[in-house]
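Here's data_21.cif, which has mmCIF, C-alpha atoms and all ligand atoms:
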data_upload
#
loop_
_atom_site.group_PDB
_atom_site.id
_atom_site.type_symbol
_atom_site.label_atom_id
_atom_site.label_comp_id
_atom_site.auth_asym_id
_atom_site.auth_seq_id
_atom_site.Cartn_x
_atom_site.Cartn_y
_atom_site.Cartn_z
ATOM 1 C CA MET E 1 136.510 98.637 104.102
ATOM 2 C CA LYS E 2 133.973 101.381 103.523
ATOM 3 C CA GLN E 3 130.643 99.645 103.735
ATOM 4 C CA LEU E 4 128.812 96.558 104.885
ATOM 5 C CA GLU E 5 125.484 95.156 103.871
ATOM 6 C CA TYR E 6 123.426 92.495 105.618
ATOM 7 C CA PHE E 7 120.071 90.864 105.164
ATOM 8 C CA LEU E 8 117.987 91.097 108.353
ATOM 9 C CA ALA E 9 115.556 88.200 108.549
ATOM 10 C CA ASP E 10 113.764 89.408 111.657
ATOM 11 C CA GLU E 11 113.747 91.867 114.537
ATOM 12 C CA ASP E 12 116.399 89.890 116.429
ATOM 13 C CA ALA E 13 118.790 90.282 113.516
ATOM 14 C CA THR E 14 118.296 94.056 113.676
ATOM 15 C CA VAL E 15 118.925 94.055 117.440
ATOM 16 C CA ALA E 16 122.062 91.956 116.863
ATOM 17 C CA ILE E 17 123.624 94.598 114.595
ATOM 18 C CA GLY E 18 123.092 97.179 117.334
ATOM 19 C CA SER E 19 124.620 94.984 120.004
ATOM 20 C CA GLY E 20 127.484 94.135 117.645
ATOM 21 C CA LEU E 21 128.275 97.841 117.386
ATOM 22 C CA ALA E 22 128.209 98.085 121.183
ATOM 23 C CA THR E 23 130.701 95.222 121.455
ATOM 24 C CA VAL E 24 133.039 96.991 119.041
ATOM 25 C CA LEU E 25 132.915 100.183 121.099
ATOM 26 C CA LYS E 26 133.378 98.455 124.418
ATOM 27 C CA ASN E 27 136.420 96.634 123.046
ATOM 28 C CA SER E 28 138.041 99.735 121.594
ATOM 29 C CA VAL E 29 141.195 100.878 123.325
ATOM 30 C CA VAL E 30 140.597 104.593 123.029
ATOM 31 C CA GLN E 31 137.359 106.225 123.949
ATOM 32 C CA GLN E 32 136.225 108.328 121.046
ATOM 33 C CA ALA E 33 132.900 109.806 120.044
ATOM 34 C CA LEU E 34 130.730 107.983 117.551
ATOM 35 C CA VAL E 35 128.039 109.711 115.534
ATOM 36 C CA VAL E 36 125.588 107.464 113.695
ATOM 37 C CA TYR E 37 122.926 108.703 111.300
ATOM 38 C CA LEU E 38 120.004 106.309 110.905
ATOM 39 C CA ASN E 39 118.059 106.435 107.655
ATOM 40 C CA GLY E 40 114.977 104.474 106.683
ATOM 41 C CA ASP E 41 111.209 104.825 106.470
ATOM 42 C CA LEU E 42 108.924 104.750 109.490
ATOM 43 C CA GLY E 43 108.943 101.267 110.954
ATOM 44 C CA ALA E 44 112.149 100.234 109.172
ATOM 45 C CA GLY E 45 113.910 99.381 112.428
ATOM 46 C CA LYS E 46 115.992 102.428 113.421
ATOM 47 C CA THR E 47 114.773 102.389 117.002
ATOM 48 C CA THR E 48 115.041 98.597 117.153
ATOM 49 C CA LEU E 49 118.719 98.772 116.169
ATOM 50 C CA THR E 50 119.373 101.531 118.696
ATOM 51 C CA ARG E 51 117.732 99.421 121.409
ATOM 52 C CA GLY E 52 120.203 96.627 120.615
ATOM 53 C CA PHE E 53 123.040 99.121 120.915
ATOM 54 C CA VAL E 54 121.893 100.718 124.183
ATOM 55 C CA ARG E 55 121.293 97.337 125.793
ATOM 56 C CA GLY E 56 124.637 96.099 124.470
ATOM 57 C CA MET E 57 126.281 99.091 126.163
ATOM 58 C CA GLY E 58 124.892 97.882 129.475
ATOM 59 C CA HIS E 59 121.505 99.544 129.865
ATOM 60 C CA THR E 60 119.059 97.119 131.435
ATOM 61 C CA GLY E 61 115.805 99.095 131.426
ATOM 62 C CA ASN E 62 113.427 100.136 128.707
ATOM 63 C CA VAL E 63 114.485 101.832 125.528
ATOM 64 C CA LYS E 64 111.650 103.994 124.359
ATOM 65 C CA SER E 65 111.453 105.951 121.171
ATOM 66 C CA PRO E 66 112.294 109.633 121.727
ATOM 67 C CA THR E 67 109.654 110.666 119.190
ATOM 68 C CA TYR E 68 108.144 113.289 121.512
ATOM 69 C CA THR E 69 111.170 114.122 123.647
ATOM 70 C CA ILE E 70 113.607 114.455 120.690
ATOM 71 C CA VAL E 71 116.440 112.954 122.739
ATOM 72 C CA GLU E 72 116.710 110.151 125.264
ATOM 73 C CA PRO E 73 119.945 110.071 127.288
ATOM 74 C CA TYR E 74 121.545 106.946 128.785
ATOM 75 C CA GLU E 75 124.333 107.372 131.318
ATOM 76 C CA LEU E 76 126.289 104.115 131.292
ATOM 77 C CA ALA E 77 129.509 102.918 132.898
ATOM 78 C CA ASN E 78 132.065 104.607 130.637
ATOM 79 C CA TRP E 79 129.832 106.051 128.000
ATOM 80 C CA ARG E 80 126.931 108.369 127.514
ATOM 81 C CA VAL E 81 124.559 107.387 124.756
ATOM 82 C CA PHE E 82 122.119 109.842 123.197
ATOM 83 C CA HIS E 83 119.297 108.554 121.061
ATOM 84 C CA PHE E 84 117.735 111.270 118.931
ATOM 85 C CA ASP E 85 114.572 111.144 116.869
ATOM 86 C CA LEU E 86 114.242 114.373 114.921
ATOM 87 C CA TYR E 87 111.069 113.377 113.073
ATOM 88 C CA ARG E 88 108.936 115.911 114.944
ATOM 89 C CA LEU E 89 111.465 118.691 115.026
ATOM 90 C CA ALA E 90 109.706 121.744 113.644
ATOM 91 C CA ASP E 91 112.749 123.958 113.359
ATOM 92 C CA PRO E 92 116.424 122.943 113.491
ATOM 93 C CA GLU E 93 116.989 125.897 115.830
ATOM 94 C CA GLU E 94 115.294 123.868 118.568
ATOM 95 C CA LEU E 95 118.522 121.874 118.587
ATOM 96 C CA GLU E 96 120.479 125.008 119.430
ATOM 97 C CA TYR E 97 118.223 125.666 122.429
ATOM 98 C CA MET E 98 118.845 122.081 123.536
ATOM 99 C CA GLY E 99 122.587 122.754 123.508
ATOM 100 C CA ILE E 100 123.167 120.191 120.780
ATOM 101 C CA ARG E 101 126.919 120.822 120.639
ATOM 102 C CA ASP E 102 127.389 119.447 124.153
ATOM 103 C CA TYR E 103 126.169 116.065 122.961
ATOM 104 C CA PHE E 104 129.131 115.487 120.690
ATOM 105 C CA ASN E 105 131.898 114.685 123.196
ATOM 106 C CA ASP E 106 134.499 111.934 123.289
ATOM 107 C CA ASP E 107 132.570 109.840 125.793
ATOM 108 C CA CYS E 108 129.339 110.161 123.791
ATOM 109 C CA CYS E 109 127.673 108.014 121.187
ATOM 110 C CA CYS E 110 124.881 109.679 119.281
ATOM 111 C CA PHE E 111 122.362 107.654 117.287
ATOM 112 C CA ILE E 112 120.210 109.999 115.258
ATOM 113 C CA GLU E 113 116.957 109.121 113.477
ATOM 114 C CA TRP E 114 115.840 111.551 110.731
ATOM 115 C CA PRO E 115 119.194 113.406 110.709
ATOM 116 C CA GLU E 116 118.195 115.458 107.652
ATOM 117 C CA LYS E 117 115.878 117.451 109.950
ATOM 118 C CA GLY E 118 118.900 118.694 111.884
ATOM 119 C CA LYS E 119 120.949 119.583 108.860
ATOM 120 C CA GLY E 120 123.688 122.093 109.557
ATOM 121 C CA LEU E 121 123.528 121.674 113.328
ATOM 122 C CA LEU E 122 124.640 118.086 113.836
ATOM 123 C CA ALA E 123 128.166 116.770 114.010
ATOM 124 C CA LYS E 124 129.224 114.925 110.885
ATOM 125 C CA ALA E 125 128.393 111.247 110.789
ATOM 126 C CA ASP E 126 131.038 108.593 111.354
ATOM 127 C CA LEU E 127 128.567 105.985 110.159
ATOM 128 C CA VAL E 128 125.486 106.283 108.009
ATOM 129 C CA ILE E 129 123.176 103.323 108.485
ATOM 130 C CA THR E 130 120.306 102.760 106.074
ATOM 131 C CA ILE E 131 117.606 100.173 106.692
ATOM 132 C CA ALA E 132 115.331 99.329 103.775
ATOM 133 C CA TYR E 133 112.239 97.183 103.581
ATOM 134 C CA GLN E 134 112.504 93.974 101.624
ATOM 135 C CA ASP E 135 108.917 92.702 101.813
ATOM 136 C CA GLU E 136 108.424 91.833 105.504
ATOM 137 C CA GLN E 137 112.159 91.755 106.107
ATOM 138 C CA ARG E 138 114.958 94.258 105.894
ATOM 139 C CA VAL E 139 118.331 94.994 104.342
ATOM 140 C CA ILE E 140 120.843 97.124 106.211
ATOM 141 C CA ASN E 141 123.724 99.111 104.796
ATOM 142 C CA LEU E 142 126.448 100.589 106.993
ATOM 143 C CA GLN E 143 128.551 103.228 105.329
ATOM 144 C CA ALA E 144 131.732 104.663 106.867
ATOM 145 C CA GLU E 145 131.992 108.437 106.566
ATOM 146 C CA SER E 146 135.170 108.945 108.602
ATOM 147 C CA GLU E 147 138.325 107.167 109.703
ATOM 148 C CA ARG E 148 136.579 106.339 112.954
ATOM 149 C CA GLY E 149 133.566 104.918 111.085
ATOM 150 C CA GLN E 150 135.884 102.811 109.001
ATOM 151 C CA GLN E 151 137.566 101.340 112.094
ATOM 152 C CA VAL E 152 134.168 100.493 113.521
ATOM 153 C CA ILE E 153 132.806 98.670 110.498
ATOM 154 C CA THR E 154 136.077 96.817 109.984
ATOM 155 C CA ALA E 155 135.865 95.567 113.574
ATOM 156 C CA LEU E 156 132.161 94.769 113.159
ATOM 157 C CA ALA E 157 132.872 92.611 110.102
ATOM 158 C CA ASP E 158 135.524 90.547 111.972
HETATM 159 P P1 LIG D 1 111.731 103.024 113.190
HETATM 160 O O1 LIG D 1 112.449 103.517 114.407
HETATM 161 O O2 LIG D 1 112.632 102.893 111.983
HETATM 162 O O3 LIG D 1 110.515 103.827 112.852
HETATM 163 P P2 LIG D 1 111.060 100.729 114.839
HETATM 164 O O4 LIG D 1 112.374 100.134 115.204
HETATM 165 O O5 LIG D 1 110.348 101.532 115.850
HETATM 166 O O6 LIG D 1 111.217 101.541 113.457
HETATM 167 O O7 LIG D 1 110.055 99.591 114.385
HETATM 168 C C1 LIG D 1 110.465 98.568 113.527
HETATM 169 C C2 LIG D 1 109.380 97.529 113.452
HETATM 170 O O8 LIG D 1 109.735 96.547 112.507
HETATM 171 C C3 LIG D 1 109.181 96.780 114.758
HETATM 172 O O9 LIG D 1 107.825 96.442 114.871
HETATM 173 C C4 LIG D 1 110.050 95.539 114.616
HETATM 174 O O10 LIG D 1 109.515 94.420 115.287
HETATM 175 C C5 LIG D 1 110.030 95.321 113.132
HETATM 176 N N1 LIG D 1 111.339 94.852 112.638
HETATM 177 C C6 LIG D 1 112.561 95.320 112.961
HETATM 178 N N2 LIG D 1 113.516 94.687 112.269
HETATM 179 C C7 LIG D 1 112.881 93.804 111.483
HETATM 180 C C8 LIG D 1 113.356 92.860 110.528
HETATM 181 N N3 LIG D 1 114.650 92.704 110.263
HETATM 182 N N4 LIG D 1 112.437 92.139 109.900
HETATM 183 C C9 LIG D 1 111.133 92.308 110.170
HETATM 184 N N5 LIG D 1 110.615 93.192 111.048
HETATM 185 C C10 LIG D 1 111.502 93.930 111.724
HETATM 186 MG MG MG D 2 112.134 105.213 115.550
#
Rendering of file as structure tokens:
Amino acid sequence: MKQLEYFLADEDATVAIGSGLATVLKNSVVQQALVVYLNGDLGAGKTTLTRGFVRGMGHTGNVKSPTYTIVEPYELANWRVFHFDLYRLADPEELEYMGIRDYFNDDCCCFIEWPEKGKGLLAKADLVITIAYQDEQRVINLQAESERGQQVITALAD
């Protein structure tokens, strides 16, 4: 299976996809990095989905949008989760100063909003998620871009 598509009736449905991804990761036997690119217009639900994921991974506090900080780290039981929002990144080189390479380790999940702004400096995506407006609601497409991504969406569809 290479891709999945779902209709998202409301915010809860968007959160549920994120927490579904967390369940898949927590159930996986081997710990392996996951890199997720999040595409979609402003307000599509990229941060909402990431919140579902971070909470699903065991974070109990707030999940705020890293619009001004570029990255928000979450240190959880067995995993580190990094939520990036590159919307305000002026120059991709800023990512080099941040030590971007250190974020792509085997115990790390990276969810990246506006990945095109970091072109050339990010690890390749395992999953590319696109959320599109459908009137007041949304449609989500999850596309596997690696073997790892494929395993994840196959497990998510089960
Ligand atoms: P982004 O990070 O893509 O800019 P946010 O997640 O910050 O977007 O905001 C998404 C907004 O849309 C929130 O106000 C949320 O309540 C709403 N929303 C999220 N998913 C849905 C959905 N499936 N249907 C309708 N509204 C949604
Ligand atoms: Mg956002």
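When only C-alpha atoms and all ligand atoms are used to compute distances to ligand MG 2 (chain D), the closest of the residues E:Gly120, E:Gly20, E:Gly61, E:Pro66 turns out to be E:Pro66.
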Of the residues E:Asp126, E:Glu113, E:Glu5, E:Glu94, which is the one nearest to Thr48 of chain E, using all atoms listed in the file?
->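 Among the listed residues, the smallest separation from Thr48 of chain E belongs to E:Glu113.
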Return as JSON, numbers by chain every polymer residue, whether protein, DNA or RNA, with at least one atom no more than 10 Å from an atom of ligand LIG 1 (chain D); count only C-alpha atoms and all ligand atoms.
-> {"E": [6, 7, 8, 9, 10, 11, 12, 13, 14, 15, 16, 38, 39, 40, 41, 42, 43, 44, 45, 46, 47, 48, 49, 50, 51, 64, 65, 66, 67, 85, 87, 113, 114, 130, 131, 132, 133, 134, 135, 136, 137, 138, 139, 140]}
On this file, the PyMOL selection byres (((chain E and resi 3) around 12) and not hetatm) gives some set of residues; write that set as a CSV table (one decimal) with C-alpha atoms, keeping the file's coordinate frame.
chain,number,residue,atom,x,y,z
E,1,MET,CA,136.5,98.6,104.1
E,2,LYS,CA,134.0,101.4,103.5
E,4,LEU,CA,128.8,96.6,104.9
E,5,GLU,CA,125.5,95.2,103.9
E,6,TYR,CA,123.4,92.5,105.6
E,126,ASP,CA,131.0,108.6,111.4
E,127,LEU,CA,128.6,106.0,110.2
E,128,VAL,CA,125.5,106.3,108.0
E,129,ILE,CA,123.2,103.3,108.5
E,130,THR,CA,120.3,102.8,106.1
E,140,ILE,CA,120.8,97.1,106.2
E,141,ASN,CA,123.7,99.1,104.8
E,142,LEU,CA,126.4,100.6,107.0
E,143,GLN,CA,128.6,103.2,105.3
E,144,ALA,CA,131.7,104.7,106.9
E,145,GLU,CA,132.0,108.4,106.6
E,146,SER,CA,135.2,108.9,108.6
E,149,GLY,CA,133.6,104.9,111.1
E,150,GLN,CA,135.9,102.8,109.0
E,151,GLN,CA,137.6,101.3,112.1
E,152,VAL,CA,134.2,100.5,113.5
E,153,ILE,CA,132.8,98.7,110.5
E,154,THR,CA,136.1,96.8,110.0
E,155,ALA,CA,135.9,95.6,113.6
E,156,LEU,CA,132.2,94.8,113.2
E,157,ALA,CA,132.9,92.6,110.1
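When atom CA of Tyr74 of chain E is paired with atom CA of Val24 of chain E, their separation reads 18.1 Å.
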Using only C-alpha atoms, pick whichever of E:Met57, E:Leu25, E:Ala123, E:Ala77 has the shortest atom-to-atom distance to Asp102 of chain E.
->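 Counting only C-alpha atoms, the residue closest to Asp102 of chain E is E:Ala123.
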With only C-alpha atoms and all ligand atoms as the basis for distance, which of E:Phe84, E:Tyr103, E:Phe53, E:Trp79 is at the shortest distance from ligand MG 2 (chain D)?
->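 Result for the nearest residue to ligand MG 2 (chain D): E:Phe84.
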